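Data block for structure-v2.cif (mmCIF, C-alpha atoms and all ligand atoms):
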```
data_query
#
loop_
_atom_site.group_PDB
_atom_site.id
_atom_site.type_symbol
_atom_site.label_atom_id
_atom_site.label_comp_id
_atom_site.auth_asym_id
_atom_site.auth_seq_id
_atom_site.Cartn_x
_atom_site.Cartn_y
_atom_site.Cartn_z
ATOM 1 C CA MET O 1 46.287 -31.791 7.701
ATOM 2 C CA SER O 2 43.412 -32.550 5.349
ATOM 3 C CA HIS O 3 40.966 -29.755 4.622
ATOM 4 C CA GLU O 4 38.496 -32.092 3.015
ATOM 5 C CA VAL O 5 34.956 -31.154 4.003
ATOM 6 C CA VAL O 6 32.987 -33.682 1.958
ATOM 7 C CA ARG O 7 34.125 -37.026 0.517
ATOM 8 C CA VAL O 8 31.794 -39.236 -1.468
ATOM 9 C CA GLU O 9 32.932 -42.612 -2.799
ATOM 10 C CA ARG O 10 30.959 -44.792 -5.190
ATOM 11 C CA LEU O 11 27.771 -43.521 -3.568
ATOM 12 C CA GLY O 12 24.390 -44.961 -4.465
ATOM 13 C CA VAL O 13 21.067 -43.626 -3.172
ATOM 14 C CA SER O 14 17.704 -45.317 -3.460
ATOM 15 C CA TYR O 15 14.095 -44.814 -2.494
ATOM 16 C CA ARG O 16 11.463 -47.536 -2.356
ATOM 17 C CA VAL O 17 10.829 -46.908 -6.040
ATOM 18 C CA GLY O 18 14.429 -47.686 -6.947
ATOM 19 C CA GLN O 19 17.904 -46.275 -7.256
ATOM 20 C CA VAL O 20 18.180 -42.573 -8.123
ATOM 21 C CA LEU O 21 21.954 -42.069 -7.786
ATOM 22 C CA GLU O 22 24.698 -44.474 -8.844
ATOM 23 C CA ASP O 23 28.442 -44.643 -8.426
ATOM 24 C CA ILE O 24 29.036 -40.997 -7.412
ATOM 25 C CA SER O 25 32.570 -40.056 -6.291
ATOM 26 C CA PHE O 26 34.039 -36.609 -5.570
ATOM 27 C CA SER O 27 35.575 -34.598 -2.772
ATOM 28 C CA ILE O 28 35.181 -30.998 -1.707
ATOM 29 C CA GLU O 29 37.813 -28.898 0.025
ATOM 30 C CA ALA O 30 37.291 -26.207 2.649
ATOM 31 C CA GLY O 31 36.443 -22.884 1.015
ATOM 32 C CA ASP O 32 35.100 -24.362 -2.244
ATOM 33 C CA TYR O 33 31.884 -22.917 -3.678
ATOM 34 C CA VAL O 34 30.343 -25.799 -5.607
ATOM 35 C CA GLY O 35 27.452 -25.387 -8.012
ATOM 36 C CA ILE O 36 25.373 -28.567 -8.319
ATOM 37 C CA VAL O 37 23.451 -28.638 -11.588
ATOM 38 C CA GLY O 38 21.511 -31.116 -13.720
ATOM 39 C CA PRO O 39 18.028 -31.640 -15.156
ATOM 40 C CA ASN O 40 14.862 -31.998 -13.077
ATOM 41 C CA GLY O 41 14.820 -35.306 -11.237
ATOM 42 C CA SER O 42 18.558 -35.920 -11.780
ATOM 43 C CA GLY O 43 19.213 -36.485 -8.076
ATOM 44 C CA LYS O 44 20.651 -33.143 -6.922
ATOM 45 C CA SER O 45 18.478 -32.844 -3.808
ATOM 46 C CA SER O 46 18.887 -36.551 -3.092
ATOM 47 C CA LEU O 47 22.665 -36.113 -3.104
ATOM 48 C CA VAL O 48 22.724 -33.289 -0.575
ATOM 49 C CA ARG O 49 20.024 -34.945 1.512
ATOM 50 C CA ALA O 50 22.080 -38.160 1.623
ATOM 51 C CA LEU O 51 25.031 -36.200 3.024
ATOM 52 C CA ILE O 52 22.995 -35.039 5.986
ATOM 53 C CA GLY O 53 21.281 -38.361 6.591
ATOM 54 C CA LEU O 54 17.886 -37.533 5.109
ATOM 55 C CA CYS O 55 17.874 -40.332 2.544
ATOM 56 C CA THR O 56 19.237 -43.819 2.402
ATOM 57 C CA ILE O 57 22.723 -44.542 1.158
ATOM 58 C CA CYS O 58 22.422 -47.973 -0.445
ATOM 59 C CA SER O 59 26.025 -48.384 -1.572
ATOM 60 C CA GLY O 60 29.394 -46.681 -1.276
ATOM 61 C CA SER O 61 30.158 -44.129 1.419
ATOM 62 C CA ALA O 62 30.064 -40.454 2.279
ATOM 63 C CA SER O 63 31.825 -38.483 4.984
ATOM 64 C CA LEU O 64 31.655 -34.975 6.411
ATOM 65 C CA PHE O 65 34.766 -33.404 7.951
ATOM 66 C CA GLY O 66 36.411 -36.822 7.835
ATOM 67 C CA VAL O 67 33.607 -38.579 9.746
ATOM 68 C CA PRO O 68 31.319 -41.111 8.014
ATOM 69 C CA CYS O 69 27.875 -39.529 7.561
ATOM 70 C CA SER O 70 26.288 -42.380 9.522
ATOM 71 C CA ARG O 71 28.305 -41.354 12.622
ATOM 72 C CA PHE O 72 28.438 -37.598 12.058
ATOM 73 C CA ASP O 73 26.729 -35.586 14.785
ATOM 74 C CA GLU O 74 28.332 -32.129 14.790
ATOM 75 C CA TRP O 75 25.320 -30.558 13.135
ATOM 76 C CA GLY O 76 26.280 -27.085 14.350
ATOM 77 C CA ARG O 77 29.048 -27.115 11.719
ATOM 78 C CA ILE O 78 26.482 -27.362 8.930
ATOM 79 C CA GLY O 79 23.846 -24.919 7.759
ATOM 80 C CA TYR O 80 21.148 -26.447 5.551
ATOM 81 C CA LEU O 81 18.471 -24.641 3.614
ATOM 82 C CA PRO O 82 15.991 -27.161 2.178
ATOM 83 C CA GLN O 83 14.209 -26.840 -1.123
ATOM 84 C CA ASN O 84 10.609 -27.059 0.022
ATOM 85 C CA LEU O 85 8.835 -23.892 0.880
ATOM 86 C CA GLY O 86 5.440 -23.412 2.388
ATOM 87 C CA MET O 87 6.119 -26.200 4.852
ATOM 88 C CA TYR O 88 4.896 -24.156 7.775
ATOM 89 C CA ASN O 89 1.257 -24.305 8.677
ATOM 90 C CA PRO O 90 -0.120 -20.765 9.336
ATOM 91 C CA VAL O 91 -0.762 -21.684 12.977
ATOM 92 C CA PHE O 92 2.626 -23.373 13.561
ATOM 93 C CA PRO O 93 3.446 -21.964 16.997
ATOM 94 C CA ALA O 94 6.866 -20.381 16.396
ATOM 95 C CA THR O 95 7.732 -16.787 15.655
ATOM 96 C CA VAL O 96 10.374 -15.713 13.166
ATOM 97 C CA ALA O 97 12.835 -14.930 15.994
ATOM 98 C CA GLU O 98 12.213 -18.326 17.616
ATOM 99 C CA THR O 99 12.701 -20.118 14.303
ATOM 100 C CA VAL O 100 16.090 -18.470 13.776
ATOM 101 C CA ALA O 101 17.081 -19.084 17.412
ATOM 102 C CA LEU O 102 16.461 -22.814 16.907
ATOM 103 C CA GLY O 103 19.487 -22.788 14.608
ATOM 104 C CA LEU O 104 21.692 -22.001 17.607
ATOM 105 C CA LEU O 105 20.601 -25.007 19.643
ATOM 106 C CA SER O 106 22.532 -27.558 17.578
ATOM 107 C CA ARG O 107 25.854 -26.207 18.905
ATOM 108 C CA LYS O 108 24.721 -26.284 22.528
ATOM 109 C CA ARG O 109 24.990 -29.072 25.024
ATOM 110 C CA PHE O 110 22.294 -29.949 27.542
ATOM 111 C CA PRO O 111 20.665 -27.889 29.063
ATOM 112 C CA ARG O 112 20.120 -26.113 25.768
ATOM 113 C CA ARG O 113 19.311 -22.580 26.850
ATOM 114 C CA LEU O 114 19.797 -19.366 24.928
ATOM 115 C CA ASN O 115 21.614 -16.500 26.653
ATOM 116 C CA ARG O 116 21.645 -12.759 26.017
ATOM 117 C CA HIS O 117 24.493 -13.042 23.533
ATOM 118 C CA ASP O 118 22.462 -15.637 21.568
ATOM 119 C CA HIS O 119 19.466 -13.326 21.380
ATOM 120 C CA GLU O 120 21.716 -10.509 20.139
ATOM 121 C CA THR O 121 23.139 -12.859 17.487
ATOM 122 C CA VAL O 122 19.605 -13.684 16.321
ATOM 123 C CA GLU O 123 18.755 -9.967 16.147
ATOM 124 C CA ARG O 124 21.884 -9.279 14.090
ATOM 125 C CA MET O 125 21.120 -12.094 11.651
ATOM 126 C CA LEU O 126 17.513 -10.924 11.207
ATOM 127 C CA GLU O 127 18.865 -7.461 10.515
ATOM 128 C CA GLU O 128 21.408 -8.750 7.979
ATOM 129 C CA LEU O 129 18.684 -10.528 6.008
ATOM 130 C CA GLY O 130 16.255 -7.645 6.206
ATOM 131 C CA VAL O 131 13.552 -9.436 8.213
ATOM 132 C CA SER O 132 13.843 -7.687 11.607
ATOM 133 C CA ASP O 133 10.425 -6.117 11.186
ATOM 134 C CA LEU O 134 8.882 -9.604 10.931
ATOM 135 C CA LYS O 135 10.498 -11.057 14.043
ATOM 136 C CA SER O 136 7.336 -11.355 16.161
ATOM 137 C CA LYS O 137 5.180 -12.814 13.385
ATOM 138 C CA LEU O 138 4.400 -16.508 13.175
ATOM 139 C CA ILE O 139 6.646 -18.156 10.579
ATOM 140 C CA GLY O 140 3.599 -19.735 8.871
ATOM 141 C CA GLU O 141 2.083 -16.306 8.260
ATOM 142 C CA LEU O 142 4.924 -15.192 5.970
ATOM 143 C CA SER O 143 5.118 -15.338 2.193
ATOM 144 C CA GLY O 144 7.329 -17.988 0.563
ATOM 145 C CA GLY O 145 10.144 -15.485 -0.087
ATOM 146 C CA GLN O 146 10.008 -14.136 3.454
ATOM 147 C CA GLN O 147 10.130 -17.682 4.853
ATOM 148 C CA GLN O 148 13.123 -18.379 2.645
ATOM 149 C CA ARG O 149 15.018 -15.423 4.109
ATOM 150 C CA VAL O 150 14.171 -16.501 7.653
ATOM 151 C CA LEU O 151 15.338 -20.058 6.934
ATOM 152 C CA LEU O 152 18.582 -18.697 5.505
ATOM 153 C CA ALA O 153 19.020 -16.677 8.704
ATOM 154 C CA ARG O 154 18.507 -19.907 10.667
ATOM 155 C CA ALA O 155 21.084 -21.721 8.511
ATOM 156 C CA LEU O 156 23.645 -18.910 8.984
ATOM 157 C CA VAL O 157 23.112 -18.005 12.633
ATOM 158 C CA ASN O 158 25.518 -20.690 13.847
ATOM 159 C CA GLU O 159 28.326 -19.507 11.594
ATOM 160 C CA PRO O 160 28.480 -22.929 9.916
ATOM 161 C CA GLU O 161 31.614 -24.209 8.179
ATOM 162 C CA LEU O 162 29.585 -25.918 5.451
ATOM 163 C CA LEU O 163 26.492 -24.359 3.948
ATOM 164 C CA ILE O 164 24.161 -26.551 1.880
ATOM 165 C CA LEU O 165 21.585 -24.622 -0.127
ATOM 166 C CA ASP O 166 18.967 -26.469 -2.153
ATOM 167 C CA GLU O 167 17.431 -24.141 -4.745
ATOM 168 C CA PRO O 168 17.425 -21.306 -2.245
ATOM 169 C CA THR O 169 16.243 -18.482 -4.469
ATOM 170 C CA ALA O 170 13.181 -20.036 -6.109
ATOM 171 C CA ALA O 171 10.760 -17.797 -4.204
ATOM 172 C CA LEU O 172 12.826 -14.622 -4.056
ATOM 173 C CA ASP O 173 12.229 -11.411 -5.989
ATOM 174 C CA PRO O 174 15.186 -10.261 -8.155
ATOM 175 C CA GLU O 175 16.472 -7.700 -5.668
ATOM 176 C CA THR O 176 16.334 -10.096 -2.716
ATOM 177 C CA ARG O 177 17.922 -12.811 -4.868
ATOM 178 C CA GLU O 178 20.867 -10.527 -5.664
ATOM 179 C CA ARG O 179 21.263 -9.669 -1.994
ATOM 180 C CA PHE O 180 21.045 -13.331 -1.068
ATOM 181 C CA TYR O 181 23.849 -14.295 -3.486
ATOM 182 C CA ARG O 182 25.989 -11.387 -2.288
ATOM 183 C CA ILE O 183 25.663 -12.544 1.335
ATOM 184 C CA ILE O 184 26.598 -16.127 0.418
ATOM 185 C CA ALA O 185 29.558 -15.019 -1.740
ATOM 186 C CA ASP O 186 30.725 -12.767 1.047
ATOM 187 C CA ILE O 187 30.727 -15.439 3.743
ATOM 188 C CA ASN O 188 32.438 -17.834 1.326
ATOM 189 C CA ARG O 189 35.188 -15.297 0.575
ATOM 190 C CA THR O 190 35.714 -13.669 3.926
ATOM 191 C CA ARG O 191 35.041 -16.551 6.321
ATOM 192 C CA GLY O 192 36.089 -19.421 4.062
ATOM 193 C CA VAL O 193 32.715 -21.143 4.489
ATOM 194 C CA THR O 194 32.318 -24.041 2.052
ATOM 195 C CA VAL O 195 29.167 -23.724 -0.055
ATOM 196 C CA LEU O 196 27.183 -26.413 -1.884
ATOM 197 C CA LEU O 197 24.541 -24.730 -3.994
ATOM 198 C CA VAL O 198 21.902 -26.736 -5.883
ATOM 199 C CA THR O 199 20.381 -24.474 -8.488
ATOM 200 C CA HIS O 200 18.953 -23.982 -11.955
ATOM 201 C CA ASP O 201 20.013 -20.334 -11.766
ATOM 202 C CA THR O 202 22.811 -20.393 -14.346
ATOM 203 C CA GLY O 203 23.640 -16.688 -14.095
ATOM 204 C CA ALA O 204 24.267 -16.790 -10.363
ATOM 205 C CA ILE O 205 26.291 -19.937 -10.438
ATOM 206 C CA GLY O 206 28.515 -18.445 -13.131
ATOM 207 C CA GLN O 207 29.247 -15.435 -11.006
ATOM 208 C CA HIS O 208 30.089 -17.289 -7.838
ATOM 209 C CA ALA O 209 30.920 -21.007 -8.102
ATOM 210 C CA SER O 210 34.550 -22.125 -8.109
ATOM 211 C CA LYS O 211 33.646 -25.737 -8.948
ATOM 212 C CA MET O 212 30.822 -27.435 -10.810
ATOM 213 C CA LEU O 213 29.154 -30.777 -10.325
ATOM 214 C CA TYR O 214 26.798 -31.996 -13.047
ATOM 215 C CA LEU O 215 24.532 -34.898 -12.157
ATOM 216 C CA ASP O 216 22.163 -37.043 -14.105
ATOM 217 C CA LYS O 217 21.728 -40.067 -11.881
ATOM 218 C CA ARG O 218 25.484 -40.487 -12.396
ATOM 219 C CA LEU O 219 28.204 -37.912 -11.989
ATOM 220 C CA LEU O 220 28.806 -36.548 -15.477
ATOM 221 C CA PHE O 221 31.161 -33.725 -14.539
ATOM 222 C CA PHE O 222 33.079 -32.567 -11.499
ATOM 223 C CA GLY O 223 35.818 -29.995 -11.799
ATOM 224 C CA SER O 224 36.738 -26.347 -11.766
ATOM 225 C CA PHE O 225 34.424 -23.744 -13.190
ATOM 226 C CA ASP O 226 36.901 -23.022 -16.016
ATOM 227 C CA GLU O 227 37.119 -26.692 -16.979
ATOM 228 C CA PHE O 228 33.339 -26.815 -17.026
ATOM 229 C CA CYS O 229 33.187 -23.862 -19.409
ATOM 230 C CA LEU O 230 35.715 -25.434 -21.772
ATOM 231 C CA SER O 231 34.119 -28.875 -21.769
ATOM 232 C CA PRO O 232 32.481 -29.803 -25.109
ATOM 233 C CA GLU O 233 30.627 -32.646 -23.333
ATOM 234 C CA MET O 234 29.055 -30.113 -20.973
ATOM 235 C CA SER O 235 28.074 -27.830 -23.883
ATOM 236 C CA GLU O 236 26.210 -30.762 -25.320
ATOM 237 C CA LEU O 237 24.564 -31.858 -22.087
ATOM 238 C CA PHE O 238 23.916 -28.536 -20.466
ATOM 239 C CA GLY O 239 22.998 -26.754 -23.674
ATOM 240 C CA GLU O 240 25.329 -24.276 -25.365
ATOM 241 C CA HIS O 241 23.032 -21.395 -24.555
ATOM 242 C CA SER O 242 22.928 -22.033 -20.794
ATOM 243 C CA GLN O 243 26.633 -22.738 -20.711
ATOM 244 C CA HIS O 244 27.330 -19.511 -22.552
ATOM 245 C CA ILE O 245 25.193 -17.420 -20.171
ATOM 246 C CA MET O 246 26.897 -18.993 -17.209
ATOM 247 C CA CYS O 247 30.446 -18.731 -18.489
ATOM 248 C CA HIS O 248 30.061 -15.312 -20.088
ATOM 249 C CA ARG O 249 29.027 -13.736 -16.796
ATOM 250 C CA HIS O 250 31.805 -15.185 -14.744
HETATM 251 N N1 LIG A 301 11.065 -38.981 -0.981
HETATM 252 C C1 LIG A 301 11.129 -39.581 -2.170
HETATM 253 N N2 LIG A 301 10.557 -40.795 -2.370
HETATM 254 C C2 LIG A 301 10.633 -41.413 -3.564
HETATM 255 N N3 LIG A 301 11.266 -40.904 -4.652
HETATM 256 C C3 LIG A 301 11.850 -39.703 -4.520
HETATM 257 C C4 LIG A 301 11.817 -38.978 -3.284
HETATM 258 N N4 LIG A 301 12.486 -37.813 -3.449
HETATM 259 C C5 LIG A 301 12.911 -37.810 -4.738
HETATM 260 N N5 LIG A 301 12.535 -38.932 -5.376
HETATM 261 C C6 LIG A 301 12.841 -39.307 -6.775
HETATM 262 O O1 LIG A 301 14.245 -39.282 -6.929
HETATM 263 C C7 LIG A 301 14.612 -38.736 -8.181
HETATM 264 C C8 LIG A 301 15.583 -37.587 -7.947
HETATM 265 O O2 LIG A 301 14.875 -36.546 -7.269
HETATM 266 P P1 LIG A 301 15.628 -35.257 -6.716
HETATM 267 O O3 LIG A 301 14.622 -34.432 -5.997
HETATM 268 O O4 LIG A 301 16.843 -35.682 -5.989
HETATM 269 O O5 LIG A 301 16.070 -34.546 -8.092
HETATM 270 P P2 LIG A 301 16.527 -33.047 -8.375
HETATM 271 O O6 LIG A 301 17.647 -33.141 -9.353
HETATM 272 O O7 LIG A 301 16.800 -32.326 -7.107
HETATM 273 O O8 LIG A 301 15.239 -32.460 -9.110
HETATM 274 P P3 LIG A 301 14.681 -30.966 -9.299
HETATM 275 O O9 LIG A 301 15.677 -30.234 -10.157
HETATM 276 O O10 LIG A 301 13.406 -31.185 -10.027
HETATM 277 O O11 LIG A 301 14.502 -30.354 -7.947
HETATM 278 C C9 LIG A 301 13.316 -38.325 -8.882
HETATM 279 O O12 LIG A 301 12.989 -39.337 -9.795
HETATM 280 C C10 LIG A 301 12.302 -38.267 -7.753
HETATM 281 O O13 LIG A 301 11.029 -38.639 -8.210
#
```
Can you give me the file's structure in the form of structure tokens?
Amino acid sequence: MSHEVVRVERLGVSYRVGQVLEDISFSIEAGDYVGIVGPNGSGKSSLVRALIGLCTICSGSASLFGVPCSRFDEWGRIGYLPQNLGMYNPVFPATVAETVALGLLSRKRFPRRLNRHDHETVERMLEELGVSDLKSKLIGELSGGQQQRVLLARALVNEPELLILDEPTAALDPETRERFYRIIADINRTRGVTVLLVTHDTGAIGQHASKMLYLDKRLLFFGSFDEFCLSPEMSELFGEHSQHIMCHRH
């Protein structure tokens, strides 16, 4: 039985302004923790967004759990934490607890109602991410870092099999960032959840990722973390200093 979670073949992605990704091919197995790196504007967010149908695939193909992305609809198996913060208007009419509870609806069939067990699950997740005391506040009233924690709780509440995190720690203070990475590493190790992490945070990726994917419109590297550290091409592209920090801390 195949344990392939993501397969991408000769993928191209374009916006109205033109093509931003070309000829990308790789596959990710269940339990992998993949660090996606590359310069600003290299297409990292576009790649993960294409997987979940948020931008247009103009050539090639991509599949999730063996199903072409265009037909995939088991969204409860995926937790996604988008890059953009501050997307909630201060008067957006949802509390923190309601926002996290929304994450549970994707696994439910009609009528999509939450039961007592669901509410307990939400409480537990809020607790785990240290935001229980904020649960009755409107999501738009929180700081960027607090919103980020709540959105992570929403991404995790379903116990997803694939977790896609797009620069998740940008707004977090150092202590919360550490805690955040510990939680992700823990669910990867103990529950075998596959993780795709887009980040510029070289230290964190060195501590946790088992595989690396380096993009710059094209796929310039995909392989194990150790191969990445030994690659002279990556030293040149990534910068010896960044590569050293990353590899030294592993
Ligand atoms: N919605 C959009 N419409 C048009 N062009 C876009 C859109 N989103 C991204 N782009 C363009 O696509 C290219 C890749 O952007 P993307 O956000 O995928 O890069 P990234 O590697 O995630 O960058 P960063 O590290 O800065 O977050 C950039 O040139 C960007 O301007």
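Using all atoms listed in the file, residues with at least one atom at most 7 Å away from any atom of ligand LIG 301 (chain A) are Tyr15, Arg16, Val17, Val20, Gly38, Pro39, Asn40, Gly41, Ser42, Gly43, Lys44, Ser45, Ser46 and Leu47 of chain O.
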For those residues, write C-alpha atoms to a file as a short mmCIF file (atom, residue, chain, number, x, y, z; two decimals), in the coordinates of the input.
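What ended up in part-v9.cif:
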```
data_model
loop_
_atom_site.label_atom_id
_atom_site.label_comp_id
_atom_site.auth_asym_id
_atom_site.auth_seq_id
_atom_site.Cartn_x
_atom_site.Cartn_y
_atom_site.Cartn_z
CA TYR O 15 14.10 -44.81 -2.49
CA ARG O 16 11.46 -47.54 -2.36
CA VAL O 17 10.83 -46.91 -6.04
CA VAL O 20 18.18 -42.57 -8.12
CA GLY O 38 21.51 -31.12 -13.72
CA PRO O 39 18.03 -31.64 -15.16
CA ASN O 40 14.86 -32.00 -13.08
CA GLY O 41 14.82 -35.31 -11.24
CA SER O 42 18.56 -35.92 -11.78
CA GLY O 43 19.21 -36.48 -8.08
CA LYS O 44 20.65 -33.14 -6.92
CA SER O 45 18.48 -32.84 -3.81
CA SER O 46 18.89 -36.55 -3.09
CA LEU O 47 22.66 -36.11 -3.10
#
```
Could you give me, as a VMD selection string, the residues within 12 Å of Met234 of chain O, counting only C-alpha atoms and dropping anything in the same chain fewer than 2 positions from it? chain O and resid 37 to 38 212 to 216 219 to 223 225 to 232 236 to 244 246 to 247
Take the residues just selected and output them with C-alpha atoms as a short mmCIF file (atom, residue, chain, number, x, y, z; two decimals), in the frame of the given file.
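Writing the result to selection.cif gives the following:
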```
data_model
loop_
_atom_site.label_atom_id
_atom_site.label_comp_id
_atom_site.auth_asym_id
_atom_site.auth_seq_id
_atom_site.Cartn_x
_atom_site.Cartn_y
_atom_site.Cartn_z
CA VAL O 37 23.45 -28.64 -11.59
CA GLY O 38 21.51 -31.12 -13.72
CA MET O 212 30.82 -27.44 -10.81
CA LEU O 213 29.15 -30.78 -10.32
CA TYR O 214 26.80 -32.00 -13.05
CA LEU O 215 24.53 -34.90 -12.16
CA ASP O 216 22.16 -37.04 -14.10
CA LEU O 219 28.20 -37.91 -11.99
CA LEU O 220 28.81 -36.55 -15.48
CA PHE O 221 31.16 -33.72 -14.54
CA PHE O 222 33.08 -32.57 -11.50
CA GLY O 223 35.82 -30.00 -11.80
CA PHE O 225 34.42 -23.74 -13.19
CA ASP O 226 36.90 -23.02 -16.02
CA GLU O 227 37.12 -26.69 -16.98
CA PHE O 228 33.34 -26.82 -17.03
CA CYS O 229 33.19 -23.86 -19.41
CA LEU O 230 35.72 -25.43 -21.77
CA SER O 231 34.12 -28.88 -21.77
CA PRO O 232 32.48 -29.80 -25.11
CA GLU O 236 26.21 -30.76 -25.32
CA LEU O 237 24.56 -31.86 -22.09
CA PHE O 238 23.92 -28.54 -20.47
CA GLY O 239 23.00 -26.75 -23.67
CA GLU O 240 25.33 -24.28 -25.36
CA HIS O 241 23.03 -21.40 -24.56
CA SER O 242 22.93 -22.03 -20.79
CA GLN O 243 26.63 -22.74 -20.71
CA HIS O 244 27.33 -19.51 -22.55
CA MET O 246 26.90 -18.99 -17.21
CA CYS O 247 30.45 -18.73 -18.49
#
```
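With atom CA of Ser59 of chain O on one side and atom CA of Arg7 of chain O on the other, the separation reads 14.1 Å.
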If I take atom CA of Phe65 of chain O and atom CA of Leu21 of chain O, how far is one from the other in Å, to one decimal? 22.1 Å
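Nearest-residue note for Asp32 of chain O: choosing from O:Thr176, O:Ser224, O:Ser14, O:Gln146, the minimum distance belongs to O:Ser224, counting all atoms listed in the file.
Nearest to Pro168 of chain O of all the residues O:Met125, O:Val198, O:Val150, O:Val100 is O:Val198, based on only C-alpha atoms.
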Please provide the set of residues having any atom within 12 Å of segment 128-143 of chain O, restricted to all atoms listed in the file, with same-chain residues fewer than 6 positions apart removed, written as a ChimeraX atom specification. /O:85-101,119-122,149-157,171-173,175-184
Selection export as a compact mmCIF listing (two decimals), in the frame of the given file, atoms kept: C-alpha atoms:
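Output contents, as saved in selection_30.txt:
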```
# COMPACT_ATOMS: atom_id res chain seq x y z
CA LEU O 85 8.84 -23.89 0.88
CA GLY O 86 5.44 -23.41 2.39
CA MET O 87 6.12 -26.20 4.85
CA TYR O 88 4.90 -24.16 7.78
CA ASN O 89 1.26 -24.30 8.68
CA PRO O 90 -0.12 -20.76 9.34
CA VAL O 91 -0.76 -21.68 12.98
CA PHE O 92 2.63 -23.37 13.56
CA PRO O 93 3.45 -21.96 17.00
CA ALA O 94 6.87 -20.38 16.40
CA THR O 95 7.73 -16.79 15.66
CA VAL O 96 10.37 -15.71 13.17
CA ALA O 97 12.84 -14.93 15.99
CA GLU O 98 12.21 -18.33 17.62
CA THR O 99 12.70 -20.12 14.30
CA VAL O 100 16.09 -18.47 13.78
CA ALA O 101 17.08 -19.08 17.41
CA HIS O 119 19.47 -13.33 21.38
CA GLU O 120 21.72 -10.51 20.14
CA THR O 121 23.14 -12.86 17.49
CA VAL O 122 19.60 -13.68 16.32
CA ARG O 149 15.02 -15.42 4.11
CA VAL O 150 14.17 -16.50 7.65
CA LEU O 151 15.34 -20.06 6.93
CA LEU O 152 18.58 -18.70 5.50
CA ALA O 153 19.02 -16.68 8.70
CA ARG O 154 18.51 -19.91 10.67
CA ALA O 155 21.08 -21.72 8.51
CA LEU O 156 23.64 -18.91 8.98
CA VAL O 157 23.11 -18.00 12.63
CA ALA O 171 10.76 -17.80 -4.20
CA LEU O 172 12.83 -14.62 -4.06
CA ASP O 173 12.23 -11.41 -5.99
CA GLU O 175 16.47 -7.70 -5.67
CA THR O 176 16.33 -10.10 -2.72
CA ARG O 177 17.92 -12.81 -4.87
CA GLU O 178 20.87 -10.53 -5.66
CA ARG O 179 21.26 -9.67 -1.99
CA PHE O 180 21.04 -13.33 -1.07
CA TYR O 181 23.85 -14.30 -3.49
CA ARG O 182 25.99 -11.39 -2.29
CA ILE O 183 25.66 -12.54 1.34
CA ILE O 184 26.60 -16.13 0.42
```
Expected selection from the PyMOL selection byres (((chain O and resi 159-163) around 7) and not hetatm), given as a PDB file with C-alpha atoms, in the coordinates of the input:
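Saved as part_5.pdb:
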```pdb
ATOM      1  CA  GLY O  76      26.280 -27.085  14.350  1.00  0.00           C
ATOM      2  CA  ARG O  77      29.048 -27.115  11.719  1.00  0.00           C
ATOM      3  CA  ILE O  78      26.482 -27.362   8.930  1.00  0.00           C
ATOM      4  CA  GLY O  79      23.846 -24.919   7.759  1.00  0.00           C
ATOM      5  CA  TYR O  80      21.148 -26.447   5.551  1.00  0.00           C
ATOM      6  CA  LEU O 156      23.645 -18.910   8.984  1.00  0.00           C
ATOM      7  CA  VAL O 157      23.112 -18.005  12.633  1.00  0.00           C
ATOM      8  CA  ASN O 158      25.518 -20.690  13.847  1.00  0.00           C
ATOM      9  CA  ILE O 164      24.161 -26.551   1.880  1.00  0.00           C
ATOM     10  CA  LEU O 165      21.585 -24.622  -0.127  1.00  0.00           C
ATOM     11  CA  VAL O 193      32.715 -21.143   4.489  1.00  0.00           C
ATOM     12  CA  THR O 194      32.318 -24.041   2.052  1.00  0.00           C
ATOM     13  CA  VAL O 195      29.167 -23.724  -0.055  1.00  0.00           C
ATOM     14  CA  LEU O 196      27.183 -26.413  -1.884  1.00  0.00           C
TER      15      LEU O 196
END
```
Atoms added to segment 51-59 of chain O (N, CA and C atoms), reported as a compact mmCIF listing (two decimals), in the frame of the given file:
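That gives us out-v3.txt:
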```txt
# COMPACT_ATOMS: atom_id res chain seq x y z
N LEU O 51 23.89 -36.64 2.21
CA LEU O 51 25.03 -36.20 3.02
C LEU O 51 24.61 -35.92 4.46
N ILE O 52 23.41 -35.39 4.62
CA ILE O 52 23.00 -35.04 5.99
C ILE O 52 22.01 -36.06 6.56
N GLY O 53 22.02 -37.24 5.98
CA GLY O 53 21.28 -38.36 6.59
C GLY O 53 19.79 -38.35 6.35
N LEU O 54 19.33 -37.60 5.34
CA LEU O 54 17.89 -37.53 5.11
C LEU O 54 17.40 -38.53 4.06
N CYS O 55 18.32 -39.20 3.37
CA CYS O 55 17.87 -40.33 2.54
C CYS O 55 18.92 -41.44 2.56
N THR O 56 18.46 -42.61 2.15
CA THR O 56 19.24 -43.82 2.40
C THR O 56 20.38 -44.02 1.41
N ILE O 57 21.56 -44.19 1.98
CA ILE O 57 22.72 -44.54 1.16
C ILE O 57 22.69 -46.06 0.99
N CYS O 58 22.55 -46.53 -0.26
CA CYS O 58 22.42 -47.97 -0.44
C CYS O 58 23.74 -48.61 -0.84
N SER O 59 24.71 -47.81 -1.30
CA SER O 59 26.02 -48.38 -1.57
C SER O 59 27.06 -47.26 -1.51
```
